[in-house]
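Note: the block below is query07.txt and it holds compact mmCIF, C-alpha atoms.
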```txt
# COMPACT_ATOMS: atom_id res chain seq x y z
CA MET N 1117 6.11 122.13 108.40
CA ALA N 1118 4.40 125.52 108.25
CA ASN N 1119 2.98 124.79 104.79
CA ALA N 1120 1.77 121.35 105.88
CA TRP N 1121 -0.50 122.89 108.56
CA PRO N 1122 -2.06 125.91 106.82
CA PRO N 1123 -3.87 128.56 108.92
CA GLN N 1124 -6.80 130.66 107.71
CA VAL N 1125 -4.82 133.92 107.82
CA VAL N 1126 -1.13 134.50 107.07
CA GLU N 1127 0.52 137.92 107.00
CA ARG N 1128 4.17 138.00 105.96
CA VAL N 1129 6.94 140.38 106.88
CA GLY N 1130 10.02 139.19 105.07
CA SER N 1131 10.43 135.55 106.05
CA TRP N 1132 8.29 135.91 109.19
CA ARG N 1133 4.70 134.64 109.18
CA TYR N 1134 1.91 135.98 111.40
CA ARG N 1135 -0.64 133.16 111.55
CA TRP N 1136 -4.24 132.79 112.70
CA ALA N 1137 -6.69 129.87 112.61
CA GLY N 1138 -9.33 130.79 115.16
CA GLY N 1139 -7.13 129.74 118.06
CA VAL N 1140 -7.01 126.07 117.01
CA THR N 1141 -3.50 124.72 117.73
CA ARG N 1142 -0.45 126.73 118.71
CA ARG N 1143 1.36 126.18 115.44
CA ALA N 1144 -1.39 127.76 113.35
CA ASN N 1145 -1.86 130.66 115.80
CA SER N 1146 1.67 131.86 116.35
CA VAL N 1147 4.31 133.94 114.65
CA LEU N 1148 6.80 131.80 112.79
CA ALA N 1149 10.04 133.72 113.29
CA VAL N 1150 12.53 132.87 110.55
CA GLY N 1151 15.69 134.88 110.03
CA ASP N 1152 16.21 138.61 110.02
CA ALA N 1153 13.07 140.49 108.96
CA GLY N 1154 13.91 143.81 110.64
CA PRO N 1155 14.24 145.25 114.16
CA ILE N 1156 12.98 142.64 116.63
CA ASP N 1157 11.02 145.03 118.83
CA GLY N 1158 9.11 146.28 115.81
CA LEU N 1159 8.28 142.75 114.71
CA ILE N 1160 7.04 141.91 118.22
CA ASP N 1161 4.94 145.09 118.29
CA ARG N 1162 3.34 144.05 115.01
CA ALA N 1163 2.54 140.61 116.45
CA GLU N 1164 0.92 142.16 119.49
CA ARG N 1165 -1.31 144.29 117.27
CA PHE N 1166 -2.09 141.30 115.03
CA TYR N 1167 -3.30 139.13 117.92
CA ARG N 1168 -4.90 141.97 119.86
CA GLU N 1169 -7.17 142.57 116.85
CA ARG N 1170 -8.22 138.92 117.15
CA HIS N 1171 -8.68 139.05 120.94
CA ALA N 1172 -5.90 136.51 121.46
CA ARG N 1173 -2.63 136.36 123.33
CA PRO N 1174 0.45 136.91 121.15
CA ARG N 1175 2.49 133.77 120.64
CA PHE N 1176 5.79 133.07 118.84
CA GLN N 1177 7.18 129.79 117.53
CA VAL N 1178 10.90 130.16 118.22
CA SER N 1179 13.21 127.57 116.67
CA CYS N 1180 16.88 127.24 117.53
CA ALA N 1181 17.44 126.45 113.83
CA SER N 1182 15.88 129.56 112.30
CA ALA N 1183 14.85 132.30 114.75
CA PRO N 1184 17.08 135.35 115.34
CA GLY N 1185 19.40 134.66 118.25
CA ALA N 1186 18.19 137.66 120.24
CA LEU N 1187 14.48 136.87 119.94
CA ALA N 1188 14.06 134.54 122.92
CA GLY N 1189 15.80 136.93 125.32
CA THR N 1190 13.84 139.92 124.04
CA LEU N 1191 10.55 138.07 124.52
CA ARG N 1192 11.53 137.06 128.06
CA ASP N 1193 12.39 140.68 128.83
CA ARG N 1194 8.90 141.65 127.68
CA GLY N 1195 7.26 139.13 130.00
CA TYR N 1196 6.69 136.27 127.57
CA ARG N 1197 6.75 132.74 128.96
CA GLU N 1198 8.22 129.70 127.25
CA SER N 1199 6.40 126.36 126.93
CA GLY N 1200 5.80 123.43 124.62
CA ARG N 1201 9.39 122.45 123.82
CA THR N 1202 9.17 120.33 120.68
CA LEU N 1203 11.74 118.17 118.90
CA VAL N 1204 11.93 118.10 115.12
CA GLN N 1205 13.14 114.66 114.07
CA LEU N 1206 14.29 113.28 110.72
CA ALA N 1207 14.49 109.83 109.16
CA ASP N 1208 14.88 107.92 105.91
CA PRO N 1209 11.55 106.42 104.72
CA GLY N 1210 13.18 103.10 103.90
CA ASP N 1211 14.62 102.85 107.41
CA VAL N 1212 11.25 103.69 108.94
CA ALA N 1213 9.46 101.06 106.85
CA ARG N 1214 11.97 98.44 107.99
CA ARG N 1215 12.20 99.46 111.63
CA ALA N 1216 8.49 100.17 112.23
CA PRO N 1217 6.83 96.86 111.41
CA SER N 1218 3.18 96.54 110.51
CA ALA N 1219 1.33 94.41 113.07
CA ALA N 1220 0.07 91.17 111.53
CA HIS N 1221 -3.38 91.44 113.12
CA LEU N 1222 -4.00 94.91 111.71
CA ALA N 1223 -4.87 96.21 108.25
CA HIS N 1224 -4.69 99.72 106.88
CA ARG N 1225 -6.15 101.91 104.17
CA VAL N 1226 -4.83 105.03 102.47
CA ASP N 1227 -6.88 107.98 101.23
CA ALA N 1228 -6.00 111.30 99.63
CA HIS N 1229 -8.39 113.12 101.98
CA PRO N 1230 -9.58 112.46 105.54
CA THR N 1231 -12.63 110.21 105.61
CA GLY N 1232 -15.29 110.59 108.28
CA ALA N 1233 -13.97 107.56 110.17
CA TRP N 1234 -10.39 108.87 109.94
CA PHE N 1235 -11.36 112.26 111.33
CA ASP N 1236 -13.62 110.85 114.05
CA THR N 1237 -10.73 108.74 115.33
CA TYR N 1238 -8.29 111.63 115.19
CA TRP N 1239 -10.70 113.99 116.90
CA SER N 1240 -11.54 111.47 119.64
CA VAL N 1241 -7.94 111.98 120.79
CA GLU N 1242 -7.73 115.73 120.10
CA SER N 1243 -11.03 116.50 121.85
CA ILE N 1244 -9.60 115.21 125.12
CA ARG N 1245 -7.60 118.46 125.16
CA GLY N 1246 -10.77 120.49 125.60
CA ARG N 1247 -11.49 121.29 121.97
CA GLY N 1248 -15.08 121.89 120.86
CA LEU N 1249 -17.18 121.55 117.70
CA ASP N 1250 -16.02 124.88 116.24
CA ASP N 1251 -12.43 123.73 116.67
CA ALA N 1252 -13.25 120.47 114.91
CA ALA N 1253 -14.61 122.35 111.91
CA VAL N 1254 -11.47 124.51 111.63
CA CYS N 1255 -9.23 121.48 111.89
CA ARG N 1256 -11.16 119.42 109.36
CA ASP N 1257 -11.88 122.14 106.80
CA VAL N 1258 -8.73 124.29 107.08
CA LEU N 1259 -5.73 122.75 108.80
CA LEU N 1260 -6.11 119.29 107.28
CA ARG N 1261 -6.38 120.61 103.72
CA PRO N 1262 -2.92 121.80 102.71
CA ASP N 1263 -2.37 122.66 99.07
CA LEU N 1264 0.23 119.90 98.89
CA PRO N 1265 0.28 116.15 98.13
CA ALA N 1266 -0.94 114.24 101.16
CA ALA N 1267 -1.96 110.79 102.29
CA PHE N 1268 -4.18 109.81 105.21
CA VAL N 1269 -3.61 106.39 106.76
CA ALA N 1270 -6.23 104.61 108.84
CA VAL N 1271 -5.28 101.41 110.68
CA LEU N 1272 -8.11 98.94 111.15
CA ASP N 1273 -8.77 96.13 113.57
CA ARG N 1274 -11.43 94.27 111.64
CA SER N 1275 -13.72 97.15 110.61
CA GLU N 1276 -12.82 99.55 113.45
CA VAL N 1277 -10.37 102.41 112.86
CA VAL N 1278 -7.91 102.17 115.76
CA GLY N 1279 -5.19 104.60 114.68
CA VAL N 1280 -4.54 107.31 112.12
CA GLY N 1281 -1.79 109.47 110.70
CA GLN N 1282 -1.12 111.88 107.86
CA VAL N 1283 1.88 112.59 105.65
CA VAL N 1284 2.26 115.84 103.67
CA VAL N 1285 4.96 116.16 101.00
CA GLU N 1286 6.87 119.22 99.82
CA ASP N 1287 10.32 119.55 98.19
CA GLY N 1288 11.23 115.93 98.82
CA TRP N 1289 10.25 116.04 102.50
CA ALA N 1290 7.36 113.97 103.90
CA GLY N 1291 5.98 115.47 107.09
CA VAL N 1292 4.34 113.06 109.53
CA GLN N 1293 1.54 114.63 111.55
CA CYS N 1294 -1.83 113.92 113.14
CA MET N 1295 -0.64 110.64 114.64
CA ALA N 1296 -3.43 109.48 116.96
CA THR N 1297 -4.30 106.21 118.68
CA PRO N 1298 -7.28 106.15 121.10
CA PRO N 1299 -6.21 104.97 124.58
CA PRO N 1300 -7.95 101.55 124.45
CA HIS N 1301 -5.85 100.56 121.42
CA ARG N 1302 -2.41 101.68 122.55
CA ARG N 1303 0.58 99.34 123.06
CA ARG N 1304 -0.75 96.96 120.39
CA GLY N 1305 1.47 97.99 117.51
CA VAL N 1306 -1.00 100.51 116.09
CA ALA N 1307 1.36 103.52 115.96
CA SER N 1308 4.11 101.40 114.41
CA THR N 1309 1.67 100.19 111.76
CA VAL N 1310 0.64 103.77 110.98
CA LEU N 1311 4.30 104.84 110.63
CA HIS N 1312 5.05 101.85 108.41
CA ALA N 1313 2.21 102.77 106.05
CA LEU N 1314 3.18 106.46 106.00
CA ALA N 1315 6.80 105.54 105.22
CA LEU N 1316 5.60 103.56 102.20
CA GLN N 1317 3.54 106.52 101.02
CA ALA N 1318 6.44 109.00 101.24
CA PRO N 1319 8.37 107.81 98.14
CA ALA N 1320 5.12 107.24 96.26
CA LEU N 1321 4.42 110.97 96.72
CA GLY N 1322 7.94 112.00 95.73
CA ALA N 1323 9.73 112.24 99.09
CA ASP N 1324 13.04 110.66 100.05
CA ARG N 1325 13.20 112.16 103.56
CA MET N 1326 10.76 112.25 106.48
CA TYR N 1327 10.31 114.62 109.41
CA LEU N 1328 7.99 114.95 112.37
CA ALA N 1329 7.54 117.09 115.46
CA VAL N 1330 7.11 115.52 118.89
CA MET N 1331 6.73 117.16 122.28
CA ALA N 1332 9.91 116.74 124.28
CA ASP N 1333 7.97 115.44 127.30
CA ASN N 1334 5.95 112.88 125.30
CA VAL N 1335 8.04 109.90 126.37
CA GLY N 1336 5.76 107.25 124.85
CA ALA N 1337 5.71 108.80 121.37
CA ARG N 1338 9.45 109.45 121.43
CA LYS N 1339 10.11 105.77 122.10
CA VAL N 1340 8.02 104.82 119.07
CA TYR N 1341 9.86 107.31 116.86
CA ASP N 1342 13.28 106.33 118.22
CA ARG N 1343 12.61 102.68 117.38
CA ALA N 1344 11.53 103.74 113.88
CA GLY N 1345 14.86 105.48 113.27
CA PHE N 1346 13.99 109.15 113.78
CA THR N 1347 16.73 111.35 115.22
CA THR N 1348 16.49 114.90 116.54
CA ALA N 1349 17.76 117.69 114.29
CA TYR N 1350 16.68 120.75 116.31
CA ASP N 1351 13.96 121.97 118.64
CA TYR N 1352 11.55 124.85 119.04
CA SER N 1353 9.38 126.30 121.80
CA TYR N 1354 6.43 128.65 122.02
CA PHE N 1355 6.70 132.01 123.76
CA ALA N 1356 3.35 133.46 124.79
CA ALA N 1357 2.37 136.70 126.48
CA PRO N 1358 1.02 136.01 129.98
CA ARG N 1359 -2.28 137.75 129.17
CA LEU N 1360 -4.18 139.62 126.48
CA LEU N 1361 -2.23 142.76 125.78
CA ALA N 1362 -3.89 146.16 125.52
CA ARG N 1363 -0.54 147.68 124.66
CA HIS N 1364 3.15 147.12 125.23
CA PRO N 1365 4.23 148.06 128.78
CA THR N 1366 6.43 150.85 127.41
CA GLY N 1367 3.47 152.37 125.57
CA ARG N 1368 4.54 151.28 122.06
```
So that I can check it, write out the structure of this file as structure tokens.
Amino acid sequence: MANAWPPQVVERVGSWRYRWAGGVTRRANSVLAVGDAGPIDGLIDRAERFYRERHARPRFQVSCASAPGALAGTLRDRGYRESGRTLVQLADPGDVARRAPSAAHLAHRVDAHPTGAWFDTYWSVESIRGRGLDDAAVCRDVLLRPDLPAAFVAVLDRSEVVGVGQVVVEDGWAGVQCMATPPPHRRRGVASTVLHALALQAPALGADRMYLAVMADNVGARKVYDRAGFTTAYDYSYFAAPRLLARHPTGR
């Protein structure tokens, strides 16, 4: 998942990744904490320096499947606040293709790169979250260009793009991301049609397993994914400092 959404800057300490992409999305602007990379306080101190240099709040992506067990408690002790609980779900592409039918009144197209119409549709949903033109450029030119096989699906109602999604493949896994349906076109089978098309692309790109990440409180999306056969494997949350940090409270 980390490789499918590549930030502009990555600094590595062991298996940990310190990531920066101009503040666009939490995933690309957080520390991915994987396994034991040394004393936890020292790793947190490094993160605080890393983000302080970029005038941003430190943030950690903490997964129950991979982060050190003591990390969450240490962050809470240092004043970090938890948010954005996210479920990582898995499925078989064949099951998804069968269980997520393509709506008869809709067509779709597949491209190796995001077209202008694909991105405009995706960004019409993302921009509702308060993102600006600079954010759009980072997303289009950096985050959506992983150095991995990918397919971009656009679902069309006549000539209008009404839904989009992306699949990125690595080591036999096809990661579903950038699912977006503008509000006027929801509850018409658009998301199911996108998933169906992505599931067909997965084996064509060499994947026999699929994964996705969905916010735990996104009830509508979870229903779509449940019907398509996705089941939860683990979850992660983000831990962010409550403010920009000049230094650690203890003076470190």
So that I can check the surroundings of Ser1199 of chain N, please list as a PDB file with C-alpha atoms, keeping the file's coordinate frame every protein, DNA and RNA residue that reaches within 7 Å of it, counting all atoms listed in the file and ignoring chain neighbours fewer than 4 positions away.
```pdb
ATOM      1  CA  SER N1353       9.380 126.300 121.800  1.00  0.00           C
ATOM      2  CA  TYR N1354       6.430 128.650 122.020  1.00  0.00           C
ATOM      3  CA  PHE N1355       6.700 132.010 123.760  1.00  0.00           C
TER       4      PHE N1355
END
```
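Atom CA of Trp1239 of chain N is found 18.2 Å from atom CA of Ser1275 of chain N.
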**Prompt:** Restricting the calculation to all atoms listed in the file, which member of N:Arg1142, N:Arg1197, N:His1224, N:Arg1343 is positioned closest to Leu1316 of chain N?
**Reply:** N:His1224
**N:Ala1172, N:Ala1290, N:Leu1272, N:Met1295 ranked by distance to Gly1322 of chain N, top pick (using all atoms listed in the file)** = N:Ala1290
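Interatomic distance, atom CA of Arg1175 of chain N to atom CA of Ala1357 of chain N: 6.5 Å.
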**Prompt:** Mind pulling up the distance from atom CA of Ile1156 of chain N to atom CA of Ala1186 of chain N?
**Reply:** 8.1 Å
**Message:** Ranking N:Val1147, N:Val1129, N:Ala1213, N:Val1277 by minimum distance to Ala1315 of chain N and counting only C-alpha atoms, which one comes first?
**Reply:**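 Closest candidate: N:Ala1213.
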**Message:** Taking only C-alpha atoms into account, name the residue in N:Val1258, N:Val1292, N:Val1306, N:Ala1270 that is nearest to Trp1234 of chain N.
**Reply:** N:Ala1270
**Request:** Go through N:Arg1247, N:Val1284, N:Leu1159, N:Thr1141 and flag the residue nearest Pro1262 of chain N, using all atoms listed in the file for the distances.
**Result:**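 Going through N:Arg1247, N:Val1284, N:Leu1159, N:Thr1141 one by one, the smallest distance to Pro1262 of chain N is for N:Val1284.
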**Request:** Kindly indicate which residue among N:Gln1205, N:Asn1145, N:Thr1231, N:Ser1243 lies nearest to Tyr1341 of chain N, using all atoms listed in the file for the distances.
**Result:**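 Closest residue, counting all atoms listed in the file: N:Gln1205.
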For segment 1141-1229 of chain N against segment 1324-1336 of chain N, with a cut-off of 7 Å and counting all atoms listed in the file, what is the closest atom pair and its distance in Å to one decimal for every residue that makes the cut, ordered by chain and number, as CSV?
```
residue,atom,partner,partner_atom,distance
N:Gly1200,CA,N:Met1331,CA,6.8
N:Arg1201,CA,N:Ala1332,CA,5.8
N:Thr1202,CA,N:Met1331,CA,4.3
N:Leu1203,CA,N:Val1330,CA,5.3
N:Val1204,CA,N:Ala1329,CA,4.5
N:Gln1205,CA,N:Leu1328,CA,5.4
N:Leu1206,CA,N:Tyr1327,CA,4.4
N:Ala1207,CA,N:Met1326,CA,5.2
N:Asp1208,CA,N:Arg1325,CA,5.1
N:Pro1209,CA,N:Arg1325,CA,6.1
```
Now that the selection is made, can you save its residues with C-alpha atoms as a PDB file, keeping the file's coordinate frame?
```pdb
ATOM      1  CA  GLY N1200       5.800 123.430 124.620  1.00  0.00           C
ATOM      2  CA  ARG N1201       9.390 122.450 123.820  1.00  0.00           C
ATOM      3  CA  THR N1202       9.170 120.330 120.680  1.00  0.00           C
ATOM      4  CA  LEU N1203      11.740 118.170 118.900  1.00  0.00           C
ATOM      5  CA  VAL N1204      11.930 118.100 115.120  1.00  0.00           C
ATOM      6  CA  GLN N1205      13.140 114.660 114.070  1.00  0.00           C
ATOM      7  CA  LEU N1206      14.290 113.280 110.720  1.00  0.00           C
ATOM      8  CA  ALA N1207      14.490 109.830 109.160  1.00  0.00           C
ATOM      9  CA  ASP N1208      14.880 107.920 105.910  1.00  0.00           C
ATOM     10  CA  PRO N1209      11.550 106.420 104.720  1.00  0.00           C
TER      11      PRO N1209
END
```
